[in-house]
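For reference, query-v2.txt (compact mmCIF, C-alpha atoms):
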# COMPACT_ATOMS: atom_id res chain seq x y z
CA MET A 1 0.00 0.00 0.00
CA GLU A 2 1.35 3.44 -0.96
CA PRO A 3 1.23 5.90 1.93
CA GLY A 4 -0.80 8.99 1.16
CA PRO A 5 1.11 12.29 1.13
CA CYS A 6 -0.53 13.01 4.49
CA SER A 7 1.26 10.23 6.34
CA VAL A 8 4.60 11.33 4.89
CA ILE A 9 3.98 14.95 5.90
CA GLU A 10 2.92 13.64 9.32
CA SER A 11 6.26 11.82 9.60
CA PHE A 12 8.16 15.01 8.69
CA ASP A 13 6.31 16.68 11.55
CA MET A 14 7.07 13.80 13.90
CA ILE A 15 10.82 13.53 13.33
CA GLY A 16 11.68 16.77 11.51
CA SER A 17 13.62 18.82 13.99
CA LYS A 18 17.31 18.92 14.71
CA TRP A 19 16.77 17.97 18.36
CA LYS A 20 14.35 15.16 17.63
CA LEU A 21 16.90 13.66 15.23
CA ILE A 22 19.74 14.10 17.72
CA ILE A 23 17.78 12.46 20.55
CA ILE A 24 16.39 9.55 18.49
CA ASN A 25 19.90 8.95 17.13
CA ASP A 26 21.34 8.97 20.62
CA LEU A 27 18.75 6.53 22.02
CA GLN A 28 19.62 3.99 19.33
CA ASN A 29 22.50 3.02 21.61
CA GLY A 30 19.99 1.95 24.27
CA GLU A 31 18.08 3.26 27.27
CA LYS A 32 19.38 6.41 28.94
CA ARG A 33 18.59 8.51 31.97
CA PHE A 34 17.64 12.15 31.52
CA ASN A 35 20.99 13.44 32.71
CA GLU A 36 22.91 11.01 30.51
CA LEU A 37 20.95 12.25 27.50
CA LYS A 38 21.57 15.83 28.56
CA ARG A 39 25.30 15.19 28.66
CA SER A 40 25.53 13.24 25.42
CA THR A 41 23.27 15.49 23.33
CA GLU A 42 24.28 18.79 24.93
CA ALA A 43 20.62 19.85 24.87
CA SER A 44 19.34 22.23 27.54
CA SER A 45 17.07 20.64 30.18
CA ARG A 46 14.18 22.62 28.80
CA THR A 47 14.71 21.50 25.19
CA LEU A 48 15.34 17.91 26.24
CA SER A 49 12.13 17.77 28.35
CA ARG A 50 10.04 19.25 25.58
CA VAL A 51 11.43 17.01 22.84
CA LEU A 52 11.20 13.85 24.96
CA GLN A 53 7.58 14.68 25.74
CA ASP A 54 6.76 15.23 22.04
CA LEU A 55 8.48 11.98 21.08
CA ASN A 56 6.64 10.18 23.89
CA GLU A 57 3.27 11.54 22.71
CA ASP A 58 4.05 10.27 19.21
CA ASN A 59 4.96 6.86 20.67
CA ILE A 60 8.56 7.03 19.46
CA VAL A 61 10.12 7.21 22.93
CA GLU A 62 8.96 5.51 26.11
CA LYS A 63 9.66 6.51 29.68
CA ARG A 64 10.29 4.05 32.50
CA ILE A 65 10.27 5.10 36.12
CA GLU A 66 12.39 3.21 38.61
CA ASP A 67 11.57 3.51 42.27
CA GLY A 68 14.22 4.86 44.55
CA ASN A 69 15.20 8.04 46.22
CA PRO A 70 15.29 10.04 44.08
CA VAL A 71 13.09 8.31 41.52
CA ALA A 72 15.00 7.60 38.28
CA SER A 73 13.51 8.14 34.80
CA TYR A 74 14.81 6.10 31.88
CA TYR A 75 14.10 6.82 28.23
CA SER A 76 14.25 4.37 25.34
CA LEU A 77 12.95 3.94 21.82
CA THR A 78 9.69 2.07 21.24
CA ASP A 79 9.43 -0.42 18.36
CA LYS A 80 8.15 2.48 16.24
CA GLY A 81 11.21 4.52 17.21
CA LEU A 82 13.62 1.62 16.64
CA ALA A 83 12.12 1.18 13.17
CA LEU A 84 13.66 4.54 12.23
CA PHE A 85 17.12 2.97 12.25
CA PRO A 86 17.37 2.69 8.41
CA VAL A 87 16.55 6.42 8.10
CA PHE A 88 19.54 7.22 10.31
CA GLU A 89 21.76 4.82 8.41
CA GLU A 90 20.96 6.69 5.19
CA ILE A 91 21.52 10.11 6.80
CA ASN A 92 24.84 8.77 8.07
CA ASP A 93 25.86 7.57 4.61
CA TRP A 94 24.87 10.92 3.12
CA ALA A 95 26.84 12.85 5.76
CA GLU A 96 29.84 10.64 5.12
CA GLU A 97 29.73 11.31 1.40
CA TRP A 98 28.78 14.99 1.35
CA LEU A 99 29.89 16.60 4.61
CA GLU A 100 33.34 15.18 5.24
CA MET B 1 35.82 6.45 6.47
CA GLU B 2 33.46 6.73 9.42
CA PRO B 3 31.90 10.18 9.72
CA GLY B 4 32.58 11.81 13.04
CA PRO B 5 29.56 12.61 15.20
CA CYS B 6 30.02 16.23 14.11
CA SER B 7 29.14 15.60 10.48
CA VAL B 8 26.03 13.67 11.48
CA ILE B 9 24.93 16.44 13.83
CA GLU B 10 25.68 18.90 11.02
CA SER B 11 23.38 16.91 8.73
CA PHE B 12 20.58 16.97 11.35
CA ASP B 13 20.95 20.74 11.35
CA MET B 14 20.95 20.89 7.55
CA ILE B 15 17.84 18.81 6.89
CA GLY B 16 16.16 18.61 10.31
CA SER B 17 13.08 20.76 10.03
CA LYS B 18 9.60 19.88 8.90
CA TRP B 19 9.70 22.49 6.13
CA LYS B 20 13.13 21.52 4.87
CA LEU B 21 11.99 17.91 4.59
CA ILE B 22 8.74 18.93 2.86
CA ILE B 23 10.55 21.12 0.33
CA ILE B 24 13.39 18.67 -0.44
CA ASN B 25 10.79 15.91 -0.83
CA ASP B 26 8.76 18.06 -3.19
CA LEU B 27 11.75 19.00 -5.36
CA GLN B 28 12.56 15.33 -5.93
CA ASN B 29 9.91 15.48 -8.64
CA GLY B 30 12.00 18.06 -10.53
CA GLU B 31 12.55 21.79 -10.87
CA LYS B 32 9.78 24.09 -9.69
CA ARG B 33 9.01 27.79 -9.68
CA PHE B 34 8.49 29.58 -6.38
CA ASN B 35 4.72 29.77 -6.78
CA GLU B 36 4.45 26.13 -7.78
CA LEU B 37 6.34 25.17 -4.61
CA LYS B 38 4.14 27.47 -2.58
CA ARG B 39 1.04 25.73 -3.94
CA SER B 40 2.29 22.17 -3.58
CA THR B 41 3.86 22.55 -0.12
CA GLU B 42 1.28 25.00 1.29
CA ALA B 43 4.15 26.92 2.92
CA SER B 44 3.78 30.65 3.48
CA SER B 45 5.89 32.86 1.16
CA ARG B 46 7.97 33.88 4.12
CA THR B 47 8.70 30.33 5.27
CA LEU B 48 9.35 29.16 1.72
CA SER B 49 11.81 32.02 1.04
CA ARG B 50 13.68 31.43 4.26
CA VAL B 51 13.92 27.66 3.86
CA LEU B 52 14.95 27.87 0.18
CA GLN B 53 17.67 30.32 1.14
CA ASP B 54 18.95 28.04 3.92
CA LEU B 55 18.93 25.02 1.60
CA ASN B 56 20.69 27.08 -1.06
CA GLU B 57 23.39 28.18 1.39
CA ASP B 58 23.95 24.53 2.31
CA ASN B 59 24.21 23.65 -1.40
CA ILE B 60 21.19 21.34 -1.30
CA VAL B 61 18.99 23.49 -3.55
CA GLU B 62 20.04 25.62 -6.51
CA LYS B 63 18.25 28.61 -7.99
CA ARG B 64 18.08 29.35 -11.71
CA ILE B 65 16.92 32.70 -13.01
CA GLU B 66 15.26 32.87 -16.42
CA ASP B 67 15.10 36.21 -18.17
CA GLY B 68 11.71 37.59 -19.00
CA ASN B 69 9.22 40.04 -17.71
CA PRO B 70 8.78 39.27 -14.90
CA VAL B 71 12.00 37.32 -14.29
CA ALA B 72 11.25 33.68 -13.36
CA SER B 73 13.09 31.83 -10.56
CA TYR B 74 13.36 28.07 -10.69
CA TYR B 75 14.48 25.85 -7.82
CA SER B 76 15.93 22.36 -8.06
CA LEU B 77 18.01 19.92 -6.04
CA THR B 78 21.78 19.89 -6.46
CA ASP B 79 23.62 16.54 -6.65
CA LYS B 80 24.05 16.80 -2.88
CA GLY B 81 20.29 17.32 -2.51
CA LEU B 82 19.43 14.50 -4.92
CA ALA B 83 21.69 12.20 -2.90
CA LEU B 84 19.16 12.47 -0.05
CA PHE B 85 16.69 10.33 -2.02
CA PRO B 86 17.38 7.12 -0.03
CA VAL B 87 16.70 9.00 3.23
CA PHE B 88 13.24 9.91 1.93
CA GLU B 89 12.61 6.37 0.72
CA GLU B 90 13.26 5.10 4.24
CA ILE B 91 11.05 7.77 5.82
CA ASN B 92 8.35 6.79 3.34
CA ASP B 93 8.64 3.11 4.25
CA TRP B 94 8.50 3.97 7.93
CA ALA B 95 5.43 6.17 7.47
CA GLU B 96 3.78 3.40 5.48
CA GLU B 97 4.39 0.87 8.24
CA TRP B 98 3.75 2.99 11.32
CA LEU B 99 1.44 5.85 10.42
CA GLU B 100 -1.18 4.25 8.18

Let me see the file written as structure tokens.
Amino acid sequence: MEPGPCSVIESFDMIGSKWKLIIINDLQNGEKRFNELKRSTEASSRTLSRVLQDLNEDNIVEKRIEDGNPVASYYSLTDKGLALFPVFEEINDWAEEWLE
Amino acid sequence: MEPGPCSVIESFDMIGSKWKLIIINDLQNGEKRFNELKRSTEASSRTLSRVLQDLNEDNIVEKRIEDGNPVASYYSLTDKGLALFPVFEEINDWAEEWLE
């Protein structure tokens, strides 16, 4: 089945921001805590919170809370988010060829 | 050669916006005039101008002026822009699987 233009435009909306791409790319290495993501992506807390919430609402990222004191929040890609891997492979190949 | 993280982050910056993705995707069908792009992407003139200029500065889109009265401006993808085709194929496949 061919996707209608609407679902493609919807996907551009869902993943089309520098920070969304950076965070999805980073989570491909596995689950991370908020502060780990903050360190590795160099996003501000505010940007990181906002983007993680957007990605969570679109079911690309899931949040897991682990009891403790303080409570720890872990973020990881859902199956839908993991399925974006080939997109990142192609961006990587393109960057390698055109931006080196 | 493996691209350093910097070139990947640079590529997220270069193509990572909803409007950049919409416009690059649209130009894959061939050269278009400003008003044609405006109609097909439903971008505002202001957004379209800004994004075309950014993509032109990053050598993803080129502008061709044709003499006449009024002068006509045509936009098309450069080789670097055309090389993004596999990225869009993967986004399309993902949208087909996860957003239908």

Polymer residues at most 8 Å from B:Phe34, only C-alpha atoms, same-chain spacing of 6 or more positions, as a list in words: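 So the residues in contact are Ser73, Tyr74 and Tyr75 of chain B.
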
Per residue of chain B within 10 Å of chain A, record the nearest atom pair and its distance in Å to one decimal, counting all atoms listed in the file, with rows in chain order and ascending residue number, as a tab-separated table.
residue	atom	partner	partner_atom	distance
B:Met1	CA	A:Glu96	CA	7.4
B:Glu2	CA	A:Glu96	CA	6.8
B:Pro3	CA	A:Glu96	CA	5.1
B:Gly4	CA	A:Glu96	CA	8.5
B:Pro5	CA	A:Asn92	CA	9.4
B:Cys6	CA	A:Leu99	CA	9.5
B:Ser7	CA	A:Ala95	CA	5.9
B:Val8	CA	A:Ala95	CA	5.8
B:Ile9	CA	A:Ile22	CA	6.9
B:Glu10	CA	A:Leu99	CA	8.0
B:Ser11	CA	A:Ala95	CA	6.1
B:Phe12	CA	A:Lys18	CA	5.1
B:Asp13	CA	A:Lys18	CA	5.3
B:Met14	CA	A:Lys18	CA	8.3
B:Ile15	CA	A:Lys18	CA	7.8
B:Gly16	CA	A:Ser17	CA	4.5
B:Ser17	CA	A:Ser17	CA	4.4
B:Lys18	CA	A:Gly16	CA	4.6
B:Trp19	CA	A:Phe12	CA	8.1
B:Lys20	CA	A:Gly16	CA	8.3
B:Leu21	CA	A:Phe12	CA	6.3
B:Ile22	CA	A:Ile9	CA	6.9
B:Asn25	CA	A:Val8	CA	9.6
B:Thr41	CA	A:Ile9	CA	9.7
B:Asp79	CA	A:Trp98	CA	9.6
B:Lys80	CA	A:Trp98	CA	6.6
B:Gly81	CA	A:Trp98	CA	9.6
B:Ala83	CA	A:Trp94	CA	6.9
B:Leu84	CA	A:Trp94	CA	6.7
B:Phe85	CA	A:Glu90	CA	9.1
B:Pro86	CA	A:Glu90	CA	6.3
B:Val87	CA	A:Glu90	CA	5.2
B:Phe88	CA	A:Val87	CA	7.8
B:Glu89	CA	A:Val87	CA	8.4
B:Glu90	CA	A:Val87	CA	5.2
B:Ile91	CA	A:Val87	CA	6.1
B:Asn92	CA	A:Val8	CA	6.1
B:Asp93	CA	A:Pro3	CA	8.3
B:Trp94	CA	A:Leu84	CA	6.7
B:Ala95	CA	A:Val8	CA	5.8
B:Glu96	CA	A:Pro3	CA	5.0
B:Glu97	CA	A:Pro3	CA	8.7
B:Trp98	CA	A:Lys80	CA	6.6
B:Leu99	CA	A:Ser7	CA	6.0
B:Glu100	CA	A:Ser7	CA	6.7

9 Å contact set for B:Val51, only C-alpha atoms, chain neighbours under 4 positions out, as JSON, numbers by chain: {"B": [19, 20, 23, 46, 47, 55, 56]}

Nearest to B:Lys32 by atom-to-atom distance, counting all atoms listed in the file, from B:Ser49, B:Asp58, B:Lys63, B:Gly68: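 Ranked by minimum distance to B:Lys32, first place goes to B:Lys63.
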
Straight-line distance linking atom CA of A:Asp54 with atom CA of B:Leu48, stated in Å to one decimal: 24.8 Å

Residues near A:Leu82, cut-off 10 Å, only C-alpha atoms, skip fewer than 5 positions along chain, as number ranges by chain: A: 24-25, 27-28, 30, 60-61, 76-77

What are the centre and the three edge lengths of an axis-aligned box that wraps all atoms of stretch 11-25 of chain B in the file, given that 5 Å is added to every side, written as AutoDock Vina command-line options and rounded to one decimal in Å?
--center_x 16.1 --center_y 19.2 --center_z 5.3 --size_x 24.6 --size_y 16.6 --size_z 22.2

Point-to-point distance in Å for atom CA of A:Asp26 and atom CA of A:Ser40: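 Taking atom CA of A:Ser40 as the start and atom CA of A:Asp26 as the end point, the length is 7.7 Å.
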
Atomic separation - atom CA of B:Glu42 relative to atom CA of B:Glu57, Å: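 Taking atom CA of B:Glu57 and atom CA of B:Glu42, their separation equals 22.3 Å.
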